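So this one's upload_21.tsv, TSV, N, CA and C atoms:
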```
chain	number	residue	atom	x	y	z
A	141	MET	N	161.74	-165.62	195.61
A	141	MET	CA	162.07	-165.48	197.01
A	141	MET	C	163.52	-165.84	197.28
A	142	GLU	N	163.97	-166.97	196.72
A	142	GLU	CA	165.32	-167.43	196.99
A	142	GLU	C	166.39	-166.42	196.56
A	143	ASN	N	166.20	-165.81	195.39
A	143	ASN	CA	167.20	-164.84	194.93
A	143	ASN	C	167.28	-163.65	195.89
A	144	ASP	N	166.12	-163.12	196.33
A	144	ASP	CA	166.14	-162.02	197.30
A	144	ASP	C	166.84	-162.45	198.58
A	145	PHE	N	166.54	-163.65	199.04
A	145	PHE	CA	167.16	-164.19	200.25
A	145	PHE	C	168.68	-164.21	200.08
A	146	ILE	N	169.15	-164.73	198.96
A	146	ILE	CA	170.60	-164.85	198.71
A	146	ILE	C	171.25	-163.47	198.61
A	147	PHE	N	170.65	-162.57	197.84
A	147	PHE	CA	171.24	-161.24	197.66
A	147	PHE	C	171.29	-160.49	199.00
A	148	ASN	N	170.23	-160.59	199.80
A	148	ASN	CA	170.22	-159.93	201.10
A	148	ASN	C	171.21	-160.57	202.06
A	149	PHE	N	171.26	-161.91	202.06
A	149	PHE	CA	172.22	-162.63	202.91
A	149	PHE	C	173.64	-162.21	202.57
A	150	PHE	N	173.98	-162.22	201.27
A	150	PHE	CA	175.34	-161.91	200.87
A	150	PHE	C	175.71	-160.47	201.20
A	151	LYS	N	174.77	-159.56	201.05
A	151	LYS	CA	175.00	-158.16	201.41
A	151	LYS	C	175.32	-158.05	202.90
A	152	ASP	N	174.57	-158.77	203.72
A	152	ASP	CA	174.82	-158.74	205.16
A	152	ASP	C	176.13	-159.43	205.52
A	153	VAL	N	176.53	-160.45	204.77
A	153	VAL	CA	177.84	-161.09	204.97
A	153	VAL	C	178.93	-160.06	204.70
A	154	ILE	N	178.86	-159.39	203.55
A	154	ILE	CA	179.87	-158.41	203.16
A	154	ILE	C	179.96	-157.27	204.17
A	155	GLU	N	178.80	-156.82	204.64
A	155	GLU	CA	178.76	-155.70	205.57
A	155	GLU	C	178.97	-156.15	207.02
A	156	GLN	N	179.15	-157.44	207.23
A	156	GLN	CA	179.45	-158.04	208.53
A	156	GLN	C	178.41	-157.66	209.59
A	157	LYS	N	177.15	-157.78	209.24
A	157	LYS	CA	176.04	-157.44	210.14
A	157	LYS	C	175.65	-158.67	210.95
A	158	LYS	N	176.28	-158.80	212.08
A	158	LYS	CA	176.19	-160.01	212.91
A	158	LYS	C	174.76	-160.38	213.29
A	159	GLU	N	174.01	-159.46	213.85
A	159	GLU	CA	172.66	-159.80	214.32
A	159	GLU	C	171.70	-160.06	213.16
A	160	ARG	N	171.86	-159.36	212.07
A	160	ARG	CA	171.02	-159.64	210.89
A	160	ARG	C	171.36	-161.00	210.32
A	161	LEU	N	172.66	-161.35	210.28
A	161	LEU	CA	173.07	-162.65	209.75
A	161	LEU	C	172.48	-163.79	210.58
A	162	ARG	N	172.45	-163.62	211.87
A	162	ARG	CA	171.92	-164.66	212.75
A	162	ARG	C	170.50	-165.07	212.33
A	163	GLU	N	169.71	-164.11	211.88
A	163	GLU	CA	168.32	-164.35	211.52
A	163	GLU	C	168.16	-165.28	210.32
A	164	TYR	N	169.18	-165.43	209.49
A	164	TYR	CA	169.09	-166.28	208.32
A	164	TYR	C	169.21	-167.77	208.66
A	165	PHE	N	169.78	-168.07	209.83
A	165	PHE	CA	170.16	-169.43	210.16
A	165	PHE	C	169.19	-170.12	211.11
A	166	ASP	N	168.99	-171.41	210.88
A	166	ASP	CA	168.39	-172.28	211.87
A	166	ASP	C	169.39	-172.39	213.02
A	167	SER	N	168.91	-172.50	214.25
A	167	SER	CA	169.83	-172.51	215.40
A	167	SER	C	170.79	-173.70	215.38
A	168	GLU	N	170.43	-174.77	214.67
A	168	GLU	CA	171.29	-175.97	214.60
A	168	GLU	C	172.08	-176.05	213.30
A	169	ALA	N	172.11	-174.97	212.55
A	169	ALA	CA	172.79	-174.98	211.23
A	169	ALA	C	174.26	-175.34	211.38
A	170	LYS	N	174.77	-175.94	210.31
A	170	LYS	CA	176.20	-176.25	210.22
A	170	LYS	C	176.78	-175.45	209.06
A	171	ILE	N	177.97	-174.91	209.26
A	171	ILE	CA	178.66	-174.15	208.23
A	171	ILE	C	180.01	-174.83	208.02
A	172	LEU	N	180.30	-175.17	206.77
A	172	LEU	CA	181.52	-175.89	206.43
A	172	LEU	C	182.37	-175.07	205.47
A	173	TRP	N	183.63	-174.85	205.83
A	173	TRP	CA	184.60	-174.18	204.96
A	173	TRP	C	185.65	-175.22	204.60
A	174	TYR	N	185.57	-175.72	203.40
A	174	TYR	CA	186.41	-176.84	203.00
A	174	TYR	C	187.88	-176.48	202.81
A	175	GLU	N	188.19	-175.26	202.34
A	175	GLU	CA	189.59	-174.94	202.07
A	175	GLU	C	190.43	-174.90	203.34
A	176	THR	N	189.79	-174.68	204.51
A	176	THR	CA	190.52	-174.70	205.78
A	176	THR	C	190.08	-175.86	206.67
A	177	ASN	N	189.22	-176.73	206.16
A	177	ASN	CA	188.77	-177.92	206.88
A	177	ASN	C	188.16	-177.54	208.24
A	178	GLU	N	187.22	-176.56	208.22
A	178	GLU	CA	186.59	-176.09	209.44
A	178	GLU	C	185.08	-176.26	209.38
A	179	LYS	N	184.51	-176.65	210.51
A	179	LYS	CA	183.06	-176.73	210.68
A	179	LYS	C	182.68	-175.78	211.80
A	180	PHE	N	181.69	-174.93	211.55
A	180	PHE	CA	181.27	-173.91	212.51
A	180	PHE	C	179.82	-174.10	212.93
A	181	THR	N	179.54	-173.72	214.17
A	181	THR	CA	178.16	-173.49	214.60
A	181	THR	C	177.79	-172.10	214.09
A	182	VAL	N	176.54	-171.72	214.25
A	182	VAL	CA	176.12	-170.38	213.83
A	182	VAL	C	176.91	-169.32	214.58
A	183	ASP	N	177.03	-169.46	215.89
A	183	ASP	CA	177.76	-168.45	216.68
A	183	ASP	C	179.22	-168.36	216.25
A	184	GLU	N	179.84	-169.49	215.99
A	184	GLU	CA	181.24	-169.49	215.53
A	184	GLU	C	181.38	-168.85	214.16
A	185	TYR	N	180.44	-169.15	213.27
A	185	TYR	CA	180.45	-168.55	211.93
A	185	TYR	C	180.33	-167.02	212.03
A	186	LEU	N	179.46	-166.56	212.90
A	186	LEU	CA	179.28	-165.11	213.05
A	186	LEU	C	180.56	-164.44	213.52
A	187	ILE	N	181.30	-165.10	214.40
A	187	ILE	CA	182.60	-164.57	214.83
A	187	ILE	C	183.58	-164.57	213.66
A	188	ALA	N	183.68	-165.72	212.98
A	188	ALA	CA	184.62	-165.85	211.86
A	188	ALA	C	184.34	-164.83	210.77
A	189	ASN	N	183.08	-164.61	210.46
A	189	ASN	CA	182.73	-163.68	209.38
A	189	ASN	C	182.77	-162.23	209.85
A	190	CYS	N	182.14	-161.94	210.97
A	190	CYS	CA	181.95	-160.54	211.36
A	190	CYS	C	183.15	-159.92	212.04
A	191	GLU	N	184.08	-160.73	212.51
A	191	GLU	CA	185.29	-160.19	213.11
A	191	GLU	C	186.49	-160.29	212.16
A	192	TYR	N	186.22	-160.72	210.92
A	192	TYR	CA	187.28	-160.77	209.91
A	192	TYR	C	187.73	-159.34	209.66
A	193	PRO	N	189.03	-159.07	209.68
A	193	PRO	CA	189.50	-157.69	209.57
A	193	PRO	C	189.21	-157.06	208.20
A	194	GLY	N	189.05	-155.77	208.22
A	194	GLY	CA	188.92	-155.00	206.98
A	194	GLY	C	187.49	-154.62	206.66
A	195	ASP	N	187.38	-153.78	205.65
A	195	ASP	CA	186.09	-153.35	205.11
A	195	ASP	C	185.99	-153.91	203.71
A	196	TRP	N	184.83	-154.45	203.36
A	196	TRP	CA	184.68	-155.26	202.15
A	196	TRP	C	183.56	-154.77	201.26
A	197	ILE	N	183.69	-155.07	199.99
A	197	ILE	CA	182.63	-154.86	199.01
A	197	ILE	C	182.48	-156.16	198.23
A	198	GLY	N	181.35	-156.33	197.57
A	198	GLY	CA	181.18	-157.55	196.79
A	198	GLY	C	179.79	-157.64	196.20
A	199	GLU	N	179.60	-158.71	195.45
A	199	GLU	CA	178.31	-158.93	194.82
A	199	GLU	C	178.11	-160.41	194.51
A	200	VAL	N	176.85	-160.78	194.41
A	200	VAL	CA	176.50	-162.12	193.96
A	200	VAL	C	176.63	-162.14	192.45
A	201	LYS	N	177.35	-163.12	191.93
A	201	LYS	CA	177.58	-163.22	190.49
A	201	LYS	C	176.62	-164.20	189.80
A	202	ARG	N	176.15	-165.21	190.55
A	202	ARG	CA	175.28	-166.23	189.94
A	202	ARG	C	174.52	-166.97	191.03
A	203	VAL	N	173.27	-167.33	190.73
A	203	VAL	CA	172.44	-168.11	191.65
A	203	VAL	C	171.74	-169.20	190.87
A	204	GLU	N	171.78	-170.42	191.40
A	204	GLU	CA	171.07	-171.57	190.82
A	204	GLU	C	170.35	-172.30	191.95
A	205	SER	N	169.17	-172.82	191.67
A	205	SER	CA	168.41	-173.56	192.67
A	205	SER	C	168.06	-174.94	192.16
A	206	ILE	N	168.16	-175.92	193.06
A	206	ILE	CA	167.77	-177.30	192.77
A	206	ILE	C	167.03	-177.79	194.01
A	207	GLY	N	165.72	-177.80	193.95
A	207	GLY	CA	164.93	-178.20	195.11
A	207	GLY	C	165.20	-177.29	196.29
A	208	ASP	N	165.60	-177.86	197.44
A	208	ASP	CA	165.88	-177.05	198.63
A	208	ASP	C	167.34	-176.62	198.72
A	209	LEU	N	168.08	-176.82	197.62
A	209	LEU	CA	169.49	-176.44	197.56
A	209	LEU	C	169.64	-175.20	196.67
A	210	VAL	N	170.32	-174.21	197.21
A	210	VAL	CA	170.63	-173.00	196.43
A	210	VAL	C	172.15	-172.92	196.31
A	211	ILE	N	172.61	-172.73	195.10
A	211	ILE	CA	174.05	-172.60	194.83
A	211	ILE	C	174.28	-171.18	194.33
A	212	PHE	N	175.25	-170.52	194.93
A	212	PHE	CA	175.55	-169.17	194.43
A	212	PHE	C	177.04	-168.89	194.49
A	213	VAL	N	177.45	-167.98	193.63
A	213	VAL	CA	178.84	-167.54	193.56
A	213	VAL	C	178.87	-166.07	193.92
A	214	GLY	N	179.76	-165.72	194.85
A	214	GLY	CA	179.92	-164.34	195.24
A	214	GLY	C	181.34	-163.87	194.99
A	215	GLU	N	181.47	-162.60	194.72
A	215	GLU	CA	182.78	-161.97	194.53
A	215	GLU	C	182.97	-160.98	195.68
A	216	VAL	N	184.13	-161.03	196.34
A	216	VAL	CA	184.40	-160.20	197.50
A	216	VAL	C	185.79	-159.59	197.36
A	217	MET	N	185.91	-158.31	197.74
A	217	MET	CA	187.21	-157.67	197.72
A	217	MET	C	187.26	-156.59	198.80
A	218	PRO	N	188.47	-156.28	199.29
A	218	PRO	CA	188.59	-155.15	200.20
A	218	PRO	C	188.17	-153.87	199.46
A	219	LYS	N	187.73	-152.89	200.22
A	219	LYS	CA	187.29	-151.64	199.59
A	219	LYS	C	188.37	-150.99	198.74
A	220	ASP	N	189.65	-151.24	199.06
A	220	ASP	CA	190.72	-150.67	198.24
A	220	ASP	C	191.01	-151.51	196.99
A	221	LYS	N	190.27	-152.60	196.81
A	221	LYS	CA	190.36	-153.49	195.64
A	221	LYS	C	191.77	-154.07	195.45
A	222	SER	N	192.48	-154.28	196.56
A	222	SER	CA	193.84	-154.80	196.49
A	222	SER	C	193.89	-156.31	196.23
A	223	SER	N	192.77	-156.98	196.37
A	223	SER	CA	192.68	-158.41	196.07
A	223	SER	C	191.24	-158.73	195.70
A	224	ARG	N	191.04	-159.93	195.18
A	224	ARG	CA	189.69	-160.34	194.78
A	224	ARG	C	189.52	-161.81	195.18
A	225	HIS	N	188.38	-162.11	195.80
A	225	HIS	CA	188.10	-163.45	196.29
A	225	HIS	C	186.75	-163.90	195.75
A	226	TYR	N	186.60	-165.21	195.59
A	226	TYR	CA	185.34	-165.78	195.13
A	226	TYR	C	184.89	-166.85	196.10
A	227	CYS	N	183.61	-166.90	196.30
A	227	CYS	CA	183.01	-167.90	197.18
A	227	CYS	C	181.94	-168.64	196.40
A	228	THR	N	182.05	-169.95	196.36
A	228	THR	CA	180.98	-170.78	195.81
A	228	THR	C	180.31	-171.43	197.01
A	229	SER	N	179.01	-171.18	197.15
A	229	SER	CA	178.28	-171.62	198.32
A	229	SER	C	177.14	-172.55	197.93
A	230	PHE	N	177.00	-173.60	198.71
A	230	PHE	CA	175.89	-174.53	198.59
A	230	PHE	C	175.08	-174.38	199.87
A	231	MET	N	173.85	-173.89	199.73
A	231	MET	CA	173.03	-173.55	200.88
A	231	MET	C	171.77	-174.41	200.86
A	232	LYS	N	171.56	-175.14	201.95
A	232	LYS	CA	170.34	-175.93	202.10
A	232	LYS	C	169.40	-175.17	203.01
A	233	LEU	N	168.17	-174.95	202.53
A	233	LEU	CA	167.18	-174.18	203.27
A	233	LEU	C	166.04	-175.08	203.75
A	234	LYS	N	165.53	-174.75	204.93
A	234	LYS	CA	164.35	-175.42	205.47
A	234	LYS	C	163.56	-174.36	206.23
A	235	ASN	N	162.29	-174.19	205.84
A	235	ASN	CA	161.44	-173.17	206.47
A	235	ASN	C	162.09	-171.78	206.41
A	236	ASN	N	162.67	-171.47	205.25
A	236	ASN	CA	163.31	-170.17	205.01
A	236	ASN	C	164.47	-169.88	205.95
A	237	LYS	N	165.13	-170.91	206.43
A	237	LYS	CA	166.32	-170.77	207.28
A	237	LYS	C	167.42	-171.65	206.71
A	238	ILE	N	168.65	-171.21	206.85
A	238	ILE	CA	169.80	-171.99	206.42
A	238	ILE	C	170.03	-173.10	207.45
A	239	VAL	N	170.05	-174.35	206.97
A	239	VAL	CA	170.37	-175.47	207.85
A	239	VAL	C	171.76	-176.01	207.56
A	240	LEU	N	172.25	-175.76	206.35
A	240	LEU	CA	173.60	-176.18	205.97
A	240	LEU	C	174.16	-175.18	204.97
A	241	LEU	N	175.37	-174.70	205.24
A	241	LEU	CA	176.06	-173.79	204.33
A	241	LEU	C	177.46	-174.35	204.10
A	242	GLU	N	177.71	-174.80	202.87
A	242	GLU	CA	179.02	-175.33	202.50
A	242	GLU	C	179.66	-174.32	201.57
A	243	GLU	N	180.86	-173.84	201.93
A	243	GLU	CA	181.49	-172.79	201.14
A	243	GLU	C	182.89	-173.17	200.71
A	244	TYR	N	183.22	-172.75	199.51
A	244	TYR	CA	184.54	-172.93	198.92
A	244	TYR	C	185.05	-171.54	198.55
A	245	TRP	N	186.09	-171.08	199.23
A	245	TRP	CA	186.67	-169.76	198.99
A	245	TRP	C	187.96	-169.89	198.21
A	246	THR	N	188.19	-168.93	197.35
A	246	THR	CA	189.44	-168.88	196.59
A	246	THR	C	189.82	-167.42	196.36
A	247	GLU	N	191.07	-167.20	196.14
A	247	GLU	CA	191.57	-165.86	195.85
A	247	GLU	C	192.02	-165.81	194.40
A	248	GLU	N	191.71	-164.71	193.73
A	248	GLU	CA	192.17	-164.53	192.35
A	248	GLU	C	193.69	-164.46	192.35
A	249	VAL	N	194.31	-165.23	191.48
A	249	VAL	CA	195.77	-165.28	191.38
A	249	VAL	C	196.19	-165.08	189.93
A	250	LYS	N	197.47	-164.86	189.73
A	250	LYS	CA	198.00	-164.70	188.37
A	250	LYS	C	198.04	-166.04	187.65
A	251	VAL	N	197.98	-165.99	186.34
A	251	VAL	CA	198.09	-167.19	185.50
A	251	VAL	C	199.48	-167.78	185.72
A	252	PRO	N	199.56	-169.10	185.95
A	252	PRO	CA	200.88	-169.72	186.12
A	252	PRO	C	201.74	-169.56	184.87
A	253	ILE	N	203.04	-169.43	185.07
A	253	ILE	CA	203.98	-169.20	183.96
A	253	ILE	C	203.89	-170.32	182.92
A	254	TRP	N	203.75	-171.57	183.36
A	254	TRP	CA	203.73	-172.68	182.41
A	254	TRP	C	202.57	-172.53	181.42
A	255	ARG	N	201.42	-171.98	181.89
A	255	ARG	CA	200.30	-171.77	180.95
A	255	ARG	C	200.55	-170.55	180.07
A	256	LYS	N	201.16	-169.52	180.61
A	256	LYS	CA	201.52	-168.36	179.78
A	256	LYS	C	202.43	-168.80	178.65
A	257	GLU	N	203.39	-169.66	178.98
A	257	GLU	CA	204.33	-170.14	177.98
A	257	GLU	C	203.64	-170.96	176.89
A	258	LYS	N	202.53	-171.59	177.21
A	258	LYS	CA	201.76	-172.37	176.24
A	258	LYS	C	200.90	-171.46	175.36
A	259	ASN	N	200.79	-170.18	175.76
A	259	ASN	CA	199.99	-169.21	175.01
A	259	ASN	C	198.56	-169.71	174.83
A	260	ILE	N	197.96	-170.17	175.95
A	260	ILE	CA	196.58	-170.64	175.90
A	260	ILE	C	195.73	-169.79	176.82
A	261	GLY	N	194.43	-169.76	176.57
A	261	GLY	CA	193.50	-169.01	177.38
A	261	GLY	C	193.57	-167.51	177.13
A	262	CYS	N	192.60	-166.82	177.67
A	262	CYS	CA	192.56	-165.36	177.58
A	262	CYS	C	191.78	-164.84	178.79
A	263	LYS	N	191.82	-163.55	179.01
A	263	LYS	CA	191.10	-162.96	180.15
A	263	LYS	C	189.59	-163.09	179.95
A	264	ILE	N	188.91	-163.28	181.05
A	264	ILE	CA	187.43	-163.38	181.02
A	264	ILE	C	186.85	-161.99	180.86
```

Here is a file; write its structure as structure tokens.
Amino acid sequence: MENDFIFNFFKDVIEQKKERLREYFDSEAKILWYETNEKFTVDEYLIANCEYPGDWIGEVKRVESIGDLVIFVGEVMPKDKSSRHYCTSFMKLKNNKIVLLEEYWTEEVKVPIWRKEKNIGCKI
């Protein structure tokens, strides 16, 4: 059940389906975005996500569950594939509703020159 929930939720996030997304959340849910130090209500999250400019594609890359906590990694990019972003999400569920969503977003960047000069690592 949890994997279907996550895959459907992430699809609706990517497609910015505001009313469908609302159904995933408990009315008192908290959403935390640590990279920008923001805490959202459900309504605020729906604005932040669904009014974000552009058209997006993406997929869930990994899902792990520990009790009522689901951890998943998603990959997101504009339809023109001009950039790539990753989201690591920690989702606490209660009665099949999200009560807490903590997200860490990052953008794919080039390898720093100092590491290139060390000739370490390789592409994934």

**OP:** Could you check which of A:Lys234, A:Lys157, A:Arg162, A:Lys258 is closest to Asp208 (chain A), using only N, CA and C atoms?
**Re:** A:Lys234

**OP:** Would you be able to write out as an MDAnalysis selection string which residues have an atom within 8 Å of (188.2, -154.8, 202.4) in the file's coordinates, counting only C-alpha atoms?
**Re:** chainID A and resid 193:197 217:221

Original post:
Quick one, how far is atom C of Ile171 (chain A) from CA of Glu242 (chain A)?
Top reply: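 Between atom C of Ile171 (chain A) and CA of Glu242 (chain A) the gap works out to 5.6 Å.
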
**OP:** Identify which of the residues A:Ala188, A:Val182, A:Met231, A:Ala169 lies closest to Phe150 (chain A), counting only C-alpha atoms when measuring atom-to-atom distances.
**Re:**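 Closest candidate: A:Met231.
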
Original post:
Where in chain A does DSSP assign alpha helix (DSSP H), given as an MDAnalysis selection string?
Top reply: chainID A and resid 142:154 158:162 182:190 253:258

Subject >> Nearby residues (all atoms listed in the file) at most 8 Å from Asn189 (chain A), same-chain spacing under 2 positions excluded, as number ranges by chain >> reply: A: 153-158, 183-187, 191-193

Atoms to include: N, CA and C atoms. Write the selected residues as a compact mmCIF listing (two decimals), in the coordinates of the input.
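Now in out.txt:
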```
# COMPACT_ATOMS: atom_id res chain seq x y z
N VAL A 153 176.53 -160.45 204.77
CA VAL A 153 177.84 -161.09 204.97
C VAL A 153 178.93 -160.06 204.70
N ILE A 154 178.86 -159.39 203.55
CA ILE A 154 179.87 -158.41 203.16
C ILE A 154 179.96 -157.27 204.17
N GLU A 155 178.80 -156.82 204.64
CA GLU A 155 178.76 -155.70 205.57
C GLU A 155 178.97 -156.15 207.02
N GLN A 156 179.15 -157.44 207.23
CA GLN A 156 179.45 -158.04 208.53
C GLN A 156 178.41 -157.66 209.59
N LYS A 157 177.15 -157.78 209.24
CA LYS A 157 176.04 -157.44 210.14
C LYS A 157 175.65 -158.67 210.95
N LYS A 158 176.28 -158.80 212.08
CA LYS A 158 176.19 -160.01 212.91
C LYS A 158 174.76 -160.38 213.29
N ASP A 183 177.03 -169.46 215.89
CA ASP A 183 177.76 -168.45 216.68
C ASP A 183 179.22 -168.36 216.25
N GLU A 184 179.84 -169.49 215.99
CA GLU A 184 181.24 -169.49 215.53
C GLU A 184 181.38 -168.85 214.16
N TYR A 185 180.44 -169.15 213.27
CA TYR A 185 180.45 -168.55 211.93
C TYR A 185 180.33 -167.02 212.03
N LEU A 186 179.46 -166.56 212.90
CA LEU A 186 179.28 -165.11 213.05
C LEU A 186 180.56 -164.44 213.52
N ILE A 187 181.30 -165.10 214.40
CA ILE A 187 182.60 -164.57 214.83
C ILE A 187 183.58 -164.57 213.66
N GLU A 191 184.08 -160.73 212.51
CA GLU A 191 185.29 -160.19 213.11
C GLU A 191 186.49 -160.29 212.16
N TYR A 192 186.22 -160.72 210.92
CA TYR A 192 187.28 -160.77 209.91
C TYR A 192 187.73 -159.34 209.66
N PRO A 193 189.03 -159.07 209.68
CA PRO A 193 189.50 -157.69 209.57
C PRO A 193 189.21 -157.06 208.20
```

**OP:** List every protein, DNA or RNA residue with an atom no more than 6 Å from (179.0, -167.7, 191.9) in the file's coordinates, counting only C-alpha atoms, and format the result as a count of residues only.
**Re:** 6

Original post:
Out of A:Trp245, A:Tyr174, A:Ser229, A:Lys151, which residue has the shortest atom-to-atom distance to Glu199 (chain A) when counting all atoms listed in the file?
Top reply: A:Lys151

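Taking atom C of His225 (chain A) and atom N of Thr246 (chain A) as endpoints, the distance between them is 5.5 Å.
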
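Take the candidates A:Ile238, A:Lys256, A:Val203, A:Lys263 and check each one against Glu163 (chain A) using only N, CA and C atoms; the shortest distance goes to A:Ile238.
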
Original post:
Between atom C of Val210 (chain A) and CA of Lys232 (chain A), what is the spacing in Å?
Top reply: 6.8 Å

Determine the axis-aligned bounding box of all atoms of region 215-220 of chain A present in the file, pad each side by 3 Å, and express its centre and edge lengths in Å to one decimal place as AutoDock Vina command-line options.
```
--center_x 186.2 --center_y -156.6 --center_z 197.4 --size_x 15.5 --size_y 17.9 --size_z 11.7
```

**OP:** Identify all residues of region 147-259 of chain A in strand (DSSP E or B) (DSSP on the backbone) and supply them as a ChimeraX atom specification.
**Re:** /A:165-173,178-180,196-206,209-218,225-234,237-247

Subject >> A:Val249, A:Gly261, A:Asn235, A:Leu241 ranked by distance to Thr181 (chain A), top pick (using only C-alpha atoms) >> reply: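 Using only C-alpha atoms, the shortest distance to Thr181 (chain A) belongs to A:Leu241.
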
**OP:** Go through A:Glu168, A:Glu159, A:Glu178, A:Glu248 one by one, measure the shortest atom-to-atom distance of each to Ser223 (chain A) using only C-alpha atoms, and give the residue with the smallest value.
**Re:**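 Among A:Glu168, A:Glu159, A:Glu178, A:Glu248, it is A:Glu248 that comes nearest to Ser223 (chain A).
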